[in-house]
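Okay, final_6.cif is below, mmCIF, C-alpha atoms and all ligand atoms:
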data_data
#
loop_
_atom_site.label_atom_id
_atom_site.label_comp_id
_atom_site.auth_asym_id
_atom_site.auth_seq_id
_atom_site.Cartn_x
_atom_site.Cartn_y
_atom_site.Cartn_z
CA MET A 1 -126.44 -127.40 263.50
CA THR A 2 -123.12 -125.70 262.76
CA GLU A 3 -120.03 -127.36 264.13
CA SER A 4 -118.09 -124.94 266.35
CA PHE A 5 -114.69 -123.77 265.16
CA GLU A 6 -111.86 -121.77 266.64
CA SER A 7 -109.91 -120.16 263.85
CA VAL A 8 -110.65 -118.45 260.55
CA ALA A 9 -108.04 -117.56 257.96
CA ILE A 10 -109.13 -114.99 255.40
CA VAL A 11 -106.85 -115.16 252.39
CA GLY A 12 -106.72 -111.87 250.48
CA ALA A 13 -106.70 -108.57 252.35
CA GLY A 14 -108.71 -106.50 249.89
CA LEU A 15 -112.23 -105.14 250.21
CA ALA A 16 -113.88 -108.55 250.60
CA GLY A 17 -111.29 -109.78 253.11
CA ALA A 18 -111.48 -106.66 255.26
CA SER A 19 -115.29 -106.64 255.19
CA ALA A 20 -115.40 -110.30 256.17
CA ALA A 21 -112.98 -109.92 259.07
CA GLY A 22 -114.90 -107.01 260.59
CA THR A 23 -118.25 -108.75 260.19
CA LEU A 24 -116.97 -111.97 261.72
CA ARG A 25 -116.02 -110.19 264.92
CA GLU A 26 -119.14 -108.01 265.00
CA ALA A 27 -121.27 -111.13 264.62
CA GLY A 28 -119.78 -112.49 267.83
CA PHE A 29 -117.07 -114.90 266.64
CA ASP A 30 -114.49 -114.93 269.44
CA GLY A 31 -111.84 -117.24 267.97
CA ARG A 32 -108.71 -116.27 266.04
CA ILE A 33 -109.14 -114.25 262.87
CA ARG A 34 -106.15 -113.92 260.58
CA LEU A 35 -106.39 -111.62 257.58
CA ILE A 36 -103.61 -112.62 255.19
CA GLY A 37 -102.58 -110.32 252.36
CA ALA A 38 -99.88 -110.57 249.73
CA GLU A 39 -99.70 -106.78 249.53
CA THR A 40 -97.90 -104.86 252.26
CA HIS A 41 -100.72 -102.32 252.62
CA LEU A 42 -103.70 -102.32 254.92
CA PRO A 43 -106.80 -103.27 252.89
CA TYR A 44 -107.70 -100.38 250.58
CA GLU A 45 -110.38 -99.36 248.11
CA ARG A 46 -109.51 -99.83 244.45
CA PRO A 47 -112.19 -97.71 242.71
CA PRO A 48 -110.34 -94.40 243.31
CA LEU A 49 -107.18 -95.83 241.69
CA SER A 50 -108.55 -95.04 238.24
CA LYS A 51 -110.40 -91.89 239.35
CA ASP A 52 -109.63 -89.44 242.19
CA PHE A 53 -106.41 -91.09 243.33
CA LEU A 54 -105.03 -91.17 239.80
CA GLY A 55 -106.15 -87.58 239.41
CA GLY A 56 -104.29 -86.60 242.59
CA GLY A 57 -107.42 -85.62 244.57
CA VAL A 58 -107.25 -88.41 247.16
CA SER A 59 -104.39 -89.51 249.43
CA LYS A 60 -103.27 -93.06 250.22
CA GLU A 61 -104.73 -92.79 253.74
CA GLN A 62 -108.15 -91.96 252.32
CA LEU A 63 -108.18 -95.25 250.43
CA LEU A 64 -108.24 -97.46 253.53
CA VAL A 65 -111.24 -99.74 254.01
CA HIS A 66 -110.85 -99.43 257.82
CA PRO A 67 -108.36 -97.31 259.79
CA ALA A 68 -105.39 -99.25 261.20
CA GLU A 69 -106.67 -99.21 264.78
CA ALA A 70 -109.95 -100.90 263.78
CA TYR A 71 -108.11 -104.21 263.29
CA ALA A 72 -106.39 -104.08 266.67
CA GLU A 73 -109.61 -103.06 268.42
CA ARG A 74 -111.38 -106.09 266.97
CA ASP A 75 -108.47 -108.40 267.60
CA ILE A 76 -108.00 -109.17 263.91
CA GLU A 77 -104.47 -110.41 263.24
CA LEU A 78 -103.05 -108.84 260.11
CA VAL A 79 -100.51 -110.87 258.19
CA LEU A 80 -99.49 -108.47 255.43
CA GLY A 81 -96.85 -108.70 252.74
CA ARG A 82 -97.01 -112.49 252.86
CA ALA A 83 -98.98 -114.58 250.40
CA ALA A 84 -100.71 -117.77 251.38
CA THR A 85 -99.02 -120.49 249.34
CA ARG A 86 -101.08 -123.59 250.07
CA LEU A 87 -104.43 -124.64 251.45
CA ILE A 88 -104.20 -127.82 253.50
CA PRO A 89 -107.84 -128.64 254.22
CA GLY A 90 -107.08 -132.12 255.59
CA GLU A 91 -105.04 -130.52 258.37
CA ARG A 92 -107.27 -127.46 258.76
CA ALA A 93 -104.27 -125.27 258.07
CA ILE A 94 -102.80 -123.03 255.44
CA GLU A 95 -99.20 -122.44 254.53
CA LEU A 96 -97.69 -118.98 254.15
CA GLU A 97 -94.73 -117.75 252.13
CA GLY A 98 -91.65 -118.90 254.03
CA GLY A 99 -93.27 -122.20 255.01
CA GLU A 100 -95.07 -121.23 258.24
CA ARG A 101 -98.35 -123.06 258.81
CA VAL A 102 -101.27 -121.42 260.53
CA ALA A 103 -104.44 -123.01 261.89
CA ALA A 104 -107.52 -122.50 259.75
CA ASP A 105 -110.65 -124.36 260.82
CA ARG A 106 -112.45 -122.25 258.24
CA VAL A 107 -110.96 -120.44 255.24
CA LEU A 108 -112.44 -117.59 253.25
CA LEU A 109 -110.76 -117.10 249.90
CA CYS A 110 -110.88 -113.48 248.65
CA THR A 111 -107.88 -113.37 246.35
CA GLY A 112 -109.62 -111.29 243.68
CA VAL A 113 -108.41 -111.04 240.11
CA ARG A 114 -105.25 -110.01 238.29
CA PRO A 115 -105.07 -108.03 235.05
CA ARG A 116 -105.07 -110.07 231.86
CA THR A 117 -101.70 -109.60 230.17
CA VAL A 118 -101.56 -108.51 226.57
CA GLY A 119 -99.05 -110.91 225.03
CA VAL A 120 -97.77 -108.69 222.21
CA ARG A 121 -94.23 -107.81 221.09
CA GLY A 122 -92.78 -105.12 223.40
CA GLU A 123 -94.99 -105.89 226.40
CA GLN A 124 -91.93 -106.08 228.69
CA LEU A 125 -90.75 -102.53 227.92
CA ASN A 126 -90.57 -99.81 230.57
CA GLY A 127 -93.63 -97.66 230.31
CA VAL A 128 -96.12 -100.53 229.92
CA HIS A 129 -98.66 -100.26 232.75
CA TYR A 130 -101.53 -102.27 234.17
CA LEU A 131 -103.89 -100.98 236.83
CA ARG A 132 -104.97 -103.14 239.74
CA ASP A 133 -102.87 -102.22 242.77
CA LEU A 134 -101.88 -99.02 244.54
CA GLU A 135 -98.33 -99.18 243.13
CA HIS A 136 -99.73 -99.36 239.61
CA ALA A 137 -101.72 -96.16 240.20
CA GLU A 138 -98.71 -94.42 241.74
CA ALA A 139 -96.61 -95.32 238.71
CA LEU A 140 -99.31 -93.93 236.41
CA ARG A 141 -99.39 -90.69 238.37
CA GLU A 142 -95.71 -90.28 237.55
CA VAL A 143 -96.50 -90.79 233.86
CA VAL A 144 -98.94 -87.88 233.97
CA LYS A 145 -96.26 -85.70 235.58
CA ARG A 146 -93.81 -86.54 232.77
CA GLY A 147 -96.31 -85.24 230.24
CA VAL A 148 -95.68 -87.98 227.67
CA PRO A 149 -98.36 -89.14 225.20
CA VAL A 150 -100.27 -92.09 226.68
CA VAL A 151 -102.03 -94.84 224.75
CA VAL A 152 -104.71 -96.73 226.66
CA ALA A 153 -105.49 -100.15 225.17
CA GLY A 154 -108.91 -101.52 226.04
CA GLU A 155 -112.29 -99.83 226.26
CA GLY A 156 -113.76 -101.57 229.32
CA PHE A 157 -114.27 -100.01 232.76
CA ILE A 158 -110.57 -99.54 233.52
CA GLY A 159 -109.45 -98.30 230.09
CA SER A 160 -112.36 -95.92 229.72
CA GLU A 161 -111.96 -94.49 233.25
CA VAL A 162 -108.19 -94.11 232.91
CA ALA A 163 -108.61 -92.31 229.57
CA SER A 164 -111.11 -89.95 231.18
CA THR A 165 -108.95 -89.21 234.25
CA LEU A 166 -105.79 -88.69 232.19
CA ALA A 167 -107.62 -86.32 229.82
CA GLU A 168 -108.86 -84.38 232.87
CA GLN A 169 -105.20 -84.04 233.90
CA GLY A 170 -104.41 -82.53 230.53
CA ALA A 171 -102.57 -85.60 229.23
CA ASP A 172 -102.32 -86.39 225.53
CA VAL A 173 -104.34 -89.62 225.57
CA THR A 174 -105.45 -92.06 222.89
CA LEU A 175 -107.94 -94.83 223.61
CA LEU A 176 -107.53 -97.94 221.45
CA MET A 177 -110.71 -99.95 221.25
CA GLY A 178 -111.06 -103.51 220.01
CA ASP A 179 -114.77 -102.84 219.44
CA ASP A 180 -116.60 -99.79 218.09
CA LEU A 181 -117.87 -98.26 221.36
CA PRO A 182 -116.49 -97.91 224.91
CA MET A 183 -118.01 -100.16 227.60
CA LYS A 184 -120.59 -101.39 225.09
CA LEU A 185 -121.23 -104.69 226.88
CA ALA A 186 -121.97 -102.92 230.17
CA LEU A 187 -123.85 -99.88 228.85
CA GLY A 188 -125.59 -100.99 225.67
CA VAL A 189 -125.21 -99.32 222.28
CA GLU A 190 -126.94 -95.98 222.85
CA ALA A 191 -125.37 -95.09 226.21
CA ALA A 192 -121.97 -96.30 224.99
CA GLY A 193 -122.35 -94.10 221.91
CA TRP A 194 -122.94 -91.13 224.18
CA LEU A 195 -119.86 -92.05 226.24
CA LEU A 196 -117.82 -92.15 223.03
CA GLU A 197 -118.89 -88.57 222.29
CA GLN A 198 -118.00 -87.59 225.87
CA HIS A 199 -114.49 -88.96 225.40
CA ARG A 200 -114.05 -87.09 222.16
CA SER A 201 -115.44 -83.79 223.40
CA HIS A 202 -113.10 -83.97 226.41
CA GLY A 203 -110.02 -84.44 224.28
CA VAL A 204 -109.53 -88.22 224.25
CA LYS A 205 -108.49 -89.45 220.80
CA VAL A 206 -110.55 -92.60 220.32
CA LEU A 207 -109.67 -95.21 217.72
CA PRO A 208 -112.45 -97.78 217.19
CA GLN A 209 -111.67 -101.30 216.01
CA SER A 210 -107.97 -100.74 216.57
CA PRO A 211 -106.61 -103.45 218.83
CA LEU A 212 -103.02 -103.16 219.99
CA LYS A 213 -100.66 -105.16 217.78
CA ALA A 214 -97.18 -104.37 219.14
CA ILE A 215 -95.33 -101.95 221.39
CA HIS A 216 -92.21 -100.33 219.96
CA GLY A 217 -89.13 -99.06 221.77
CA PHE A 218 -85.66 -100.09 222.92
CA ASP A 219 -85.85 -100.08 226.75
CA GLN A 220 -88.70 -97.64 227.00
CA VAL A 221 -92.01 -97.43 225.12
CA GLU A 222 -91.69 -95.14 222.12
CA GLY A 223 -94.68 -96.09 220.04
CA VAL A 224 -97.69 -98.32 219.72
CA GLU A 225 -98.65 -100.25 216.61
CA VAL A 226 -102.34 -100.89 215.99
CA ALA A 227 -103.90 -103.66 213.92
CA ASP A 228 -103.78 -101.76 210.60
CA GLY A 229 -100.03 -101.13 210.99
CA THR A 230 -100.28 -97.47 212.05
CA VAL A 231 -97.68 -96.57 214.69
CA LEU A 232 -98.70 -93.94 217.25
CA PRO A 233 -96.07 -92.09 219.29
CA ALA A 234 -96.31 -93.02 222.99
CA GLY A 235 -94.27 -92.57 226.17
CA ALA A 236 -96.51 -94.96 228.10
CA VAL A 237 -99.14 -97.61 227.44
CA VAL A 238 -101.89 -98.62 229.84
CA ILE A 239 -103.32 -102.06 229.23
CA GLY A 240 -106.92 -102.62 230.34
CA ILE A 241 -108.10 -105.77 228.61
CA GLY A 242 -109.87 -107.54 231.44
CA SER A 243 -108.76 -109.72 234.29
CA VAL A 244 -108.46 -113.31 235.41
CA PRO A 245 -109.39 -114.82 238.78
CA VAL A 246 -106.49 -115.49 241.16
CA ALA A 247 -107.50 -119.10 241.67
CA ASP A 248 -104.08 -120.78 241.95
CA LEU A 249 -104.52 -121.85 245.58
CA ALA A 250 -108.00 -123.18 244.89
CA ILE A 251 -106.86 -125.16 241.85
CA GLU A 252 -103.97 -126.70 243.73
CA ALA A 253 -106.25 -127.67 246.62
CA GLY A 254 -108.63 -129.41 244.20
CA LEU A 255 -111.57 -127.01 244.61
CA GLU A 256 -114.06 -126.77 241.77
CA VAL A 257 -112.89 -123.88 239.60
CA GLY A 258 -114.24 -122.58 236.30
CA ASP A 259 -113.74 -118.89 235.55
CA GLY A 260 -113.50 -118.31 239.30
CA VAL A 261 -113.91 -120.46 242.36
CA VAL A 262 -117.31 -122.11 242.21
CA VAL A 263 -119.46 -121.58 245.31
CA ASP A 264 -123.02 -122.50 246.26
CA VAL A 265 -125.71 -120.03 247.33
CA THR A 266 -124.13 -119.83 250.79
CA CYS A 267 -120.66 -118.99 249.34
CA ARG A 268 -119.29 -122.45 250.21
CA THR A 269 -116.82 -124.03 247.81
CA SER A 270 -116.68 -127.74 246.95
CA ILE A 271 -114.74 -128.27 250.21
CA PRO A 272 -117.25 -127.34 252.93
CA GLU A 273 -114.76 -125.65 255.29
CA ILE A 274 -113.61 -123.30 252.53
CA TYR A 275 -115.68 -120.33 251.36
CA ALA A 276 -115.02 -117.78 248.63
CA ALA A 277 -116.29 -114.27 247.96
CA GLY A 278 -115.67 -111.15 245.90
CA ASP A 279 -114.21 -110.89 242.42
CA LEU A 280 -112.93 -114.44 242.73
CA ALA A 281 -116.21 -116.25 243.39
CA ARG A 282 -118.58 -117.71 240.82
CA PHE A 283 -122.02 -118.11 242.36
CA PRO A 284 -125.45 -119.31 241.26
CA SER A 285 -127.70 -116.28 240.77
CA GLN A 286 -131.32 -117.22 241.23
CA ALA A 287 -132.41 -113.79 239.98
CA PHE A 288 -130.77 -114.43 236.60
CA ASN A 289 -130.95 -118.21 236.65
CA ARG A 290 -127.29 -118.58 235.77
CA GLN A 291 -123.80 -118.59 237.28
CA LEU A 292 -122.29 -115.15 237.78
CA ARG A 293 -118.89 -113.81 238.73
CA VAL A 294 -119.13 -110.12 239.45
CA GLU A 295 -116.11 -107.81 239.52
CA HIS A 296 -117.71 -104.87 241.31
CA TRP A 297 -117.29 -103.18 244.67
CA GLN A 298 -120.77 -103.84 246.05
CA ASN A 299 -120.63 -107.54 245.29
CA ALA A 300 -117.23 -107.93 246.99
CA GLN A 301 -118.46 -106.20 250.11
CA LYS A 302 -121.87 -107.88 250.39
CA GLN A 303 -120.78 -111.34 249.36
CA ALA A 304 -117.97 -111.34 251.92
CA VAL A 305 -120.42 -110.43 254.66
CA HIS A 306 -122.74 -113.14 253.42
CA ALA A 307 -119.98 -115.77 253.39
CA VAL A 308 -119.16 -115.00 257.00
CA ARG A 309 -122.80 -115.21 258.03
CA SER A 310 -123.00 -118.61 256.32
CA MET A 311 -119.89 -119.75 258.20
CA LEU A 312 -121.67 -118.81 261.41
CA GLY A 313 -124.68 -120.93 260.56
CA HIS A 314 -127.07 -118.69 258.59
CA ASP A 315 -128.29 -120.30 255.42
CA GLU A 316 -130.02 -117.57 253.38
CA PRO A 317 -129.03 -117.69 249.73
CA TYR A 318 -126.79 -114.93 248.36
CA ASP A 319 -128.71 -113.36 245.50
CA GLU A 320 -127.71 -109.72 245.11
CA ILE A 321 -128.62 -107.99 241.88
CA PRO A 322 -125.30 -106.66 240.56
CA TRP A 323 -124.76 -102.91 240.86
CA ALA A 324 -121.75 -100.84 239.90
CA TRP A 325 -120.80 -97.26 239.30
CA SER A 326 -118.26 -95.42 237.23
CA GLU A 327 -117.18 -91.80 236.99
CA GLN A 328 -116.02 -90.33 233.73
CA HIS A 329 -115.71 -86.73 232.50
CA GLY A 330 -117.54 -85.43 235.57
CA LYS A 331 -120.56 -87.72 235.12
CA ARG A 332 -121.63 -90.49 237.43
CA TRP A 333 -122.71 -93.68 235.73
CA GLU A 334 -124.58 -96.45 237.51
CA ILE A 335 -125.36 -99.90 236.19
CA ALA A 336 -127.89 -102.26 237.75
CA GLY A 337 -128.57 -105.87 236.87
CA LEU A 338 -127.25 -107.36 233.64
CA PRO A 339 -128.06 -105.12 230.68
CA MET A 340 -127.53 -107.18 227.51
CA LEU A 341 -126.95 -106.28 223.89
CA GLY A 342 -130.11 -107.38 222.12
CA ASN A 343 -132.44 -106.37 225.00
CA ASP A 344 -135.27 -103.92 224.37
CA VAL A 345 -134.07 -100.54 225.61
CA VAL A 346 -136.18 -97.57 226.67
CA ARG A 347 -134.52 -94.27 227.51
CA THR A 348 -135.97 -91.50 229.63
CA GLY A 349 -134.28 -88.12 229.95
CA ASP A 350 -131.31 -86.72 228.11
CA PRO A 351 -127.74 -87.46 229.21
CA ASP A 352 -126.69 -83.96 228.09
CA SER A 353 -129.20 -82.30 230.42
CA ASP A 354 -128.71 -81.64 234.15
CA GLU A 355 -131.38 -84.25 234.91
CA GLY A 356 -129.39 -86.99 233.19
CA ALA A 357 -130.80 -90.14 231.57
CA LEU A 358 -131.93 -93.63 232.43
CA TRP A 359 -131.88 -96.61 230.04
CA VAL A 360 -133.99 -99.59 231.08
CA PHE A 361 -133.20 -102.96 229.46
CA SER A 362 -135.75 -105.73 229.21
CA ASP A 363 -136.17 -109.11 227.60
CA GLU A 364 -139.66 -110.37 226.74
CA GLY A 365 -141.13 -107.78 229.08
CA ARG A 366 -138.89 -108.68 232.05
CA VAL A 367 -136.49 -105.98 233.23
CA GLN A 368 -132.88 -107.21 233.02
CA GLY A 369 -131.04 -104.10 234.05
CA ALA A 370 -130.64 -100.36 233.83
CA VAL A 371 -127.96 -97.78 233.11
CA ALA A 372 -128.08 -94.24 234.43
CA VAL A 373 -126.12 -91.04 233.99
CA ASN A 374 -126.71 -88.73 236.94
CA ARG A 375 -130.06 -90.41 237.76
CA ARG A 376 -129.37 -92.20 240.96
CA ARG A 377 -132.90 -92.23 242.39
CA GLU A 378 -134.57 -93.76 239.33
CA LEU A 379 -131.85 -96.38 238.96
CA ARG A 380 -132.30 -97.35 242.60
CA ALA A 381 -136.02 -97.74 242.00
CA VAL A 382 -135.35 -100.16 239.12
CA LEU A 383 -132.87 -102.06 241.29
CA ARG A 384 -135.43 -102.41 244.10
CA ALA A 385 -138.11 -103.58 241.67
CA MET A 386 -135.72 -106.19 240.23
CA ALA A 387 -134.83 -107.45 243.71
CA LYS A 388 -138.50 -107.70 244.63
CA GLU A 389 -139.31 -109.60 241.46
CA ALA A 390 -136.37 -111.97 242.03
CA ALA A 391 -137.50 -112.63 245.62
CA ALA A 392 -140.99 -113.48 244.39
CA VAL A 393 -139.76 -116.19 241.97
C1 LIG B 401 -108.77 -99.47 239.15
C2 LIG B 401 -110.06 -100.08 239.60
C3 LIG B 401 -111.22 -99.32 239.61
C4 LIG B 401 -112.43 -99.87 240.03
N1 LIG B 401 -113.55 -99.08 240.02
C5 LIG B 401 -114.73 -99.61 240.40
C6 LIG B 401 -115.92 -98.81 240.39
O1 LIG B 401 -115.90 -97.63 240.03
N2 LIG B 401 -117.08 -99.38 240.76
C7 LIG B 401 -117.15 -100.69 241.16
O2 LIG B 401 -118.25 -101.16 241.47
N3 LIG B 401 -116.04 -101.47 241.20
C8 LIG B 401 -114.84 -100.96 240.83
N4 LIG B 401 -113.70 -101.74 240.86
C9 LIG B 401 -113.81 -103.15 241.28
C10 LIG B 401 -113.65 -103.32 242.80
O3 LIG B 401 -112.57 -102.57 243.26
C11 LIG B 401 -113.44 -104.80 243.07
O4 LIG B 401 -114.65 -105.45 242.73
C12 LIG B 401 -113.04 -105.11 244.50
O5 LIG B 401 -111.83 -104.52 244.83
C13 LIG B 401 -112.94 -106.61 244.68
O6 LIG B 401 -112.54 -106.90 245.98
P1 LIG B 401 -111.86 -108.30 246.35
O7 LIG B 401 -111.58 -108.19 247.81
O8 LIG B 401 -112.69 -109.40 245.83
O9 LIG B 401 -110.50 -108.35 245.52
P2 LIG B 401 -109.23 -107.41 245.62
O10 LIG B 401 -109.61 -106.04 245.99
O11 LIG B 401 -108.50 -107.60 244.33
O12 LIG B 401 -108.37 -108.04 246.79
C14 LIG B 401 -107.72 -109.28 246.64
C15 LIG B 401 -106.46 -109.26 247.47
O13 LIG B 401 -105.99 -110.58 247.60
C16 LIG B 401 -104.59 -110.56 247.56
N5 LIG B 401 -104.06 -111.91 247.26
C17 LIG B 401 -104.08 -112.57 246.08
N6 LIG B 401 -103.53 -113.79 246.22
C18 LIG B 401 -103.15 -113.90 247.52
C19 LIG B 401 -102.53 -114.93 248.28
N7 LIG B 401 -102.17 -116.11 247.75
N8 LIG B 401 -102.27 -114.69 249.59
C20 LIG B 401 -102.63 -113.52 250.17
N9 LIG B 401 -103.22 -112.51 249.49
C21 LIG B 401 -103.49 -112.70 248.18
C22 LIG B 401 -104.29 -109.53 246.48
O14 LIG B 401 -102.96 -109.08 246.58
C23 LIG B 401 -105.32 -108.47 246.84
O15 LIG B 401 -104.81 -107.55 247.75
C24 LIG B 401 -112.48 -101.22 240.44
C25 LIG B 401 -111.30 -102.00 240.42
C26 LIG B 401 -110.11 -101.44 240.01
C27 LIG B 401 -108.85 -102.27 239.97
#

As structure tokens, what does this structure read like?
Ligand SMILES: Cc1cc2nc3c(=O)[nH]c(=O)nc-3n(C[C@H](O)[C@H](O)[C@H](O)COP(=O)(O)OP(=O)(O)OC[C@H]3O[C@@H](n4cnc5c(N)ncnc54)[C@H](O)[C@@H]3O)c2cc1C
Amino acid sequence: MTESFESVAIVGAGLAGASAAGTLREAGFDGRIRLIGAETHLPYERPPLSKDFLGGGVSKEQLLVHPAEAYAERDIELVLGRAATRLIPGERAIELEGGERVAADRVLLCTGVRPRTVGVRGEQLNGVHYLRDLEHAEALREVVKRGVPVVVAGEGFIGSEVASTLAEQGADVTLLMGDDLPMKLALGVEAAGWLLEQHRSHGVKVLPQSPLKAIHGFDQVEGVEVADGTVLPAGAVVIGIGSVPVADLAIEAGLEVGDGVVVDVTCRTSIPEIYAAGDLARFPSQAFNRQLRVEHWQNAQKQAVHAVRSMLGHDEPYDEIPWAWSEQHGKRWEIAGLPMLGNDVVRTGDPDSDEGALWVFSDEGRVQGAVAVNRRRELRAVLRAMAKEAAAV
């Protein structure tokens, strides 16, 4: 039986935090809910930051996870613009910036990730950008207005999307890749090869195997040096080379951490009153028989809901098959499961046609994942089949 508790502190007011707070109240919890966020904003959606918001097609208000009044209506106390600085599990409390302590019979950690920094000469110059928060996207919008050449370093989700959106805005954009194809690990070789052609045909200058070596300039970025010594003119650089879990609080509190905060199938950490969800959490996936940490929207939303349900006494295992989307050059990409380089890949359709294409990845006859361009229905069917197979194991 679950021990009753009176207060929940949700640390991290992003998508996972906001989803958890709403679910907690909807599920009938009538104690205190505090949603604590280091950012001053109401919880907002990040996916548009590299797409429609960066492109100017979406306003700040449209990014909100819930409208402001939804928190008041559900009696969720928002503590914004103040980071949690310490978990004190022995006293069932947490400490906030400024030293205030608040009661926390249960804690849900949803502190997400931060961009990995590049660590090259010139990284401190004005004009070097990362993209995680709203302010980062606003600063990048200003770069587009200035019309300077932009170099994007990193060919993962963020780098590839930013290059696409900036090209759509008419910017002079170069994409520096460490590897030979954009988003190769997520899309596989053939689909990534097609994305490379998409970038090129939409005006992105793509340089394969050209990692960033140094950034040149006095106060402001003036150029970017790549591994072979070539210096490209640049007024701004966007770094998209991955991210690291924001696990400082968890480490200090002695929670088990290893590329994320380690949780069990019910989203509980190694201290039973503390849960974790979203980009931060590393969970045991039964479907893939391995530990996963997933940095995608759907996982943050569903895992947060799951963590709250566990807190309230449900004990079903969390075992979502990962799913993500991306939008680039007017095409919608979807990725289900864990496509792997080295899998057998079968394509149906043609990405250049209106019907789009679907790539299905399998290993020894077992489907591992799928990638689709404009083929939502078929990808969903693969996802459902994978979930059914996982449930049957
Ligand atoms: C530019 C961009 C584009 C994306 N596009 C897509 C997409 O197309 N498709 C997709 O599936 N996914 C996409 N994602 C990923 C998706 O947005 C994330 O998976 C999701 O936001 C994770 O939610 P979260 O709540 O776990 O973390 P976050 O949204 O990062 O929220 C964590 C919050 O915790 C706060 N915090 C950290 N430490 C503390 C502390 N000590 N005290 C209080 N607060 C703290 C942070 O300030 C932050 O506000 C994108 C992400 C980015 C950045």

Selection as an MDAnalysis selection string: residues within 6 Å of ligand LIG 401 (chain B) by all atoms listed in the file | chainID A and resid 11:17 36:39 46:47 49:50 83:85 110:113 131:132 158 278:280 295:298 300 324:326

Nearest to A:Asp52, chosen from A:Glu364, A:Asp264, A:Glu316, A:Glu161, with all atoms listed in the file counted in the distances =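 Using all atoms listed in the file, A:Asp52 sits closest to A:Glu161.
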
Would you mind reading off the distance between atom CA of A:Ala227 and atom CA of A:Pro208, one decimal, in Å?
->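 About the pair atom CA of A:Ala227 and atom CA of A:Pro208: they are 10.9 Å apart.
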
Go through A:Val246, A:Leu175, A:Val65, A:Val204 one by one, measure the shortest atom-to-atom distance of each to A:Pro115 using all atoms listed in the file, and give the residue with the smallest value.
-> A:Val246

A:Pro89 surroundings by all atoms listed in the file, 10 Å radius, close-in-sequence under 6 positions cut, as a list in words |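 Contacts, with the query itself left out: Ala104, Asp105, Arg106, Val107, Ala253, Ile271, Pro272, Glu273 and Ile274 of chain A.
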
Final N, CA and C atoms of stretch 239-252 of chain A as a PDB file, in the coordinates of the input:
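To be explicit, this is the file written out as part-v2.pdb:
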ATOM      1  N   ILE A 239    -102.578-100.928 229.765  1.00  0.00           N
ATOM      2  CA  ILE A 239    -103.320-102.060 229.230  1.00  0.00           C
ATOM      3  C   ILE A 239    -104.523-102.337 230.147  1.00  0.00           C
ATOM      4  N   GLY A 240    -105.710-102.315 229.563  1.00  0.00           N
ATOM      5  CA  GLY A 240    -106.920-102.620 230.340  1.00  0.00           C
ATOM      6  C   GLY A 240    -107.787-103.561 229.533  1.00  0.00           C
ATOM      7  N   ILE A 241    -107.393-104.816 229.483  1.00  0.00           N
ATOM      8  CA  ILE A 241    -108.100-105.770 228.610  1.00  0.00           C
ATOM      9  C   ILE A 241    -108.743-106.895 229.422  1.00  0.00           C
ATOM     10  N   GLY A 242    -109.171-106.547 230.622  1.00  0.00           N
ATOM     11  CA  GLY A 242    -109.870-107.540 231.440  1.00  0.00           C
ATOM     12  C   GLY A 242    -108.961-108.172 232.476  1.00  0.00           C
ATOM     13  N   SER A 243    -109.523-109.118 233.200  1.00  0.00           N
ATOM     14  CA  SER A 243    -108.760-109.720 234.290  1.00  0.00           C
ATOM     15  C   SER A 243    -109.079-111.199 234.425  1.00  0.00           C
ATOM     16  N   VAL A 244    -108.247-111.870 235.190  1.00  0.00           N
ATOM     17  CA  VAL A 244    -108.460-113.310 235.410  1.00  0.00           C
ATOM     18  C   VAL A 244    -108.461-113.596 236.911  1.00  0.00           C
ATOM     19  N   PRO A 245    -109.316-114.514 237.352  1.00  0.00           N
ATOM     20  CA  PRO A 245    -109.390-114.820 238.780  1.00  0.00           C
ATOM     21  C   PRO A 245    -108.066-115.373 239.313  1.00  0.00           C
ATOM     22  N   VAL A 246    -107.699-114.960 240.523  1.00  0.00           N
ATOM     23  CA  VAL A 246    -106.490-115.490 241.160  1.00  0.00           C
ATOM     24  C   VAL A 246    -106.893-116.770 241.896  1.00  0.00           C
ATOM     25  N   ALA A 247    -106.929-117.854 241.143  1.00  0.00           N
ATOM     26  CA  ALA A 247    -107.500-119.100 241.670  1.00  0.00           C
ATOM     27  C   ALA A 247    -106.447-120.186 241.896  1.00  0.00           C
ATOM     28  N   ASP A 248    -105.161-119.779 241.869  1.00  0.00           N
ATOM     29  CA  ASP A 248    -104.080-120.780 241.950  1.00  0.00           C
ATOM     30  C   ASP A 248    -104.189-121.685 243.184  1.00  0.00           C
ATOM     31  N   LEU A 249    -104.437-121.061 244.344  1.00  0.00           N
ATOM     32  CA  LEU A 249    -104.520-121.850 245.580  1.00  0.00           C
ATOM     33  C   LEU A 249    -105.677-122.840 245.505  1.00  0.00           C
ATOM     34  N   ALA A 250    -106.790-122.346 244.972  1.00  0.00           N
ATOM     35  CA  ALA A 250    -108.000-123.180 244.890  1.00  0.00           C
ATOM     36  C   ALA A 250    -107.772-124.356 243.941  1.00  0.00           C
ATOM     37  N   ILE A 251    -107.116-124.091 242.833  1.00  0.00           N
ATOM     38  CA  ILE A 251    -106.860-125.160 241.850  1.00  0.00           C
ATOM     39  C   ILE A 251    -105.973-126.226 242.489  1.00  0.00           C
ATOM     40  N   GLU A 252    -104.914-125.740 243.142  1.00  0.00           N
ATOM     41  CA  GLU A 252    -103.970-126.700 243.730  1.00  0.00           C
ATOM     42  C   GLU A 252    -104.620-127.541 244.831  1.00  0.00           C
TER      43      GLU A 252
END
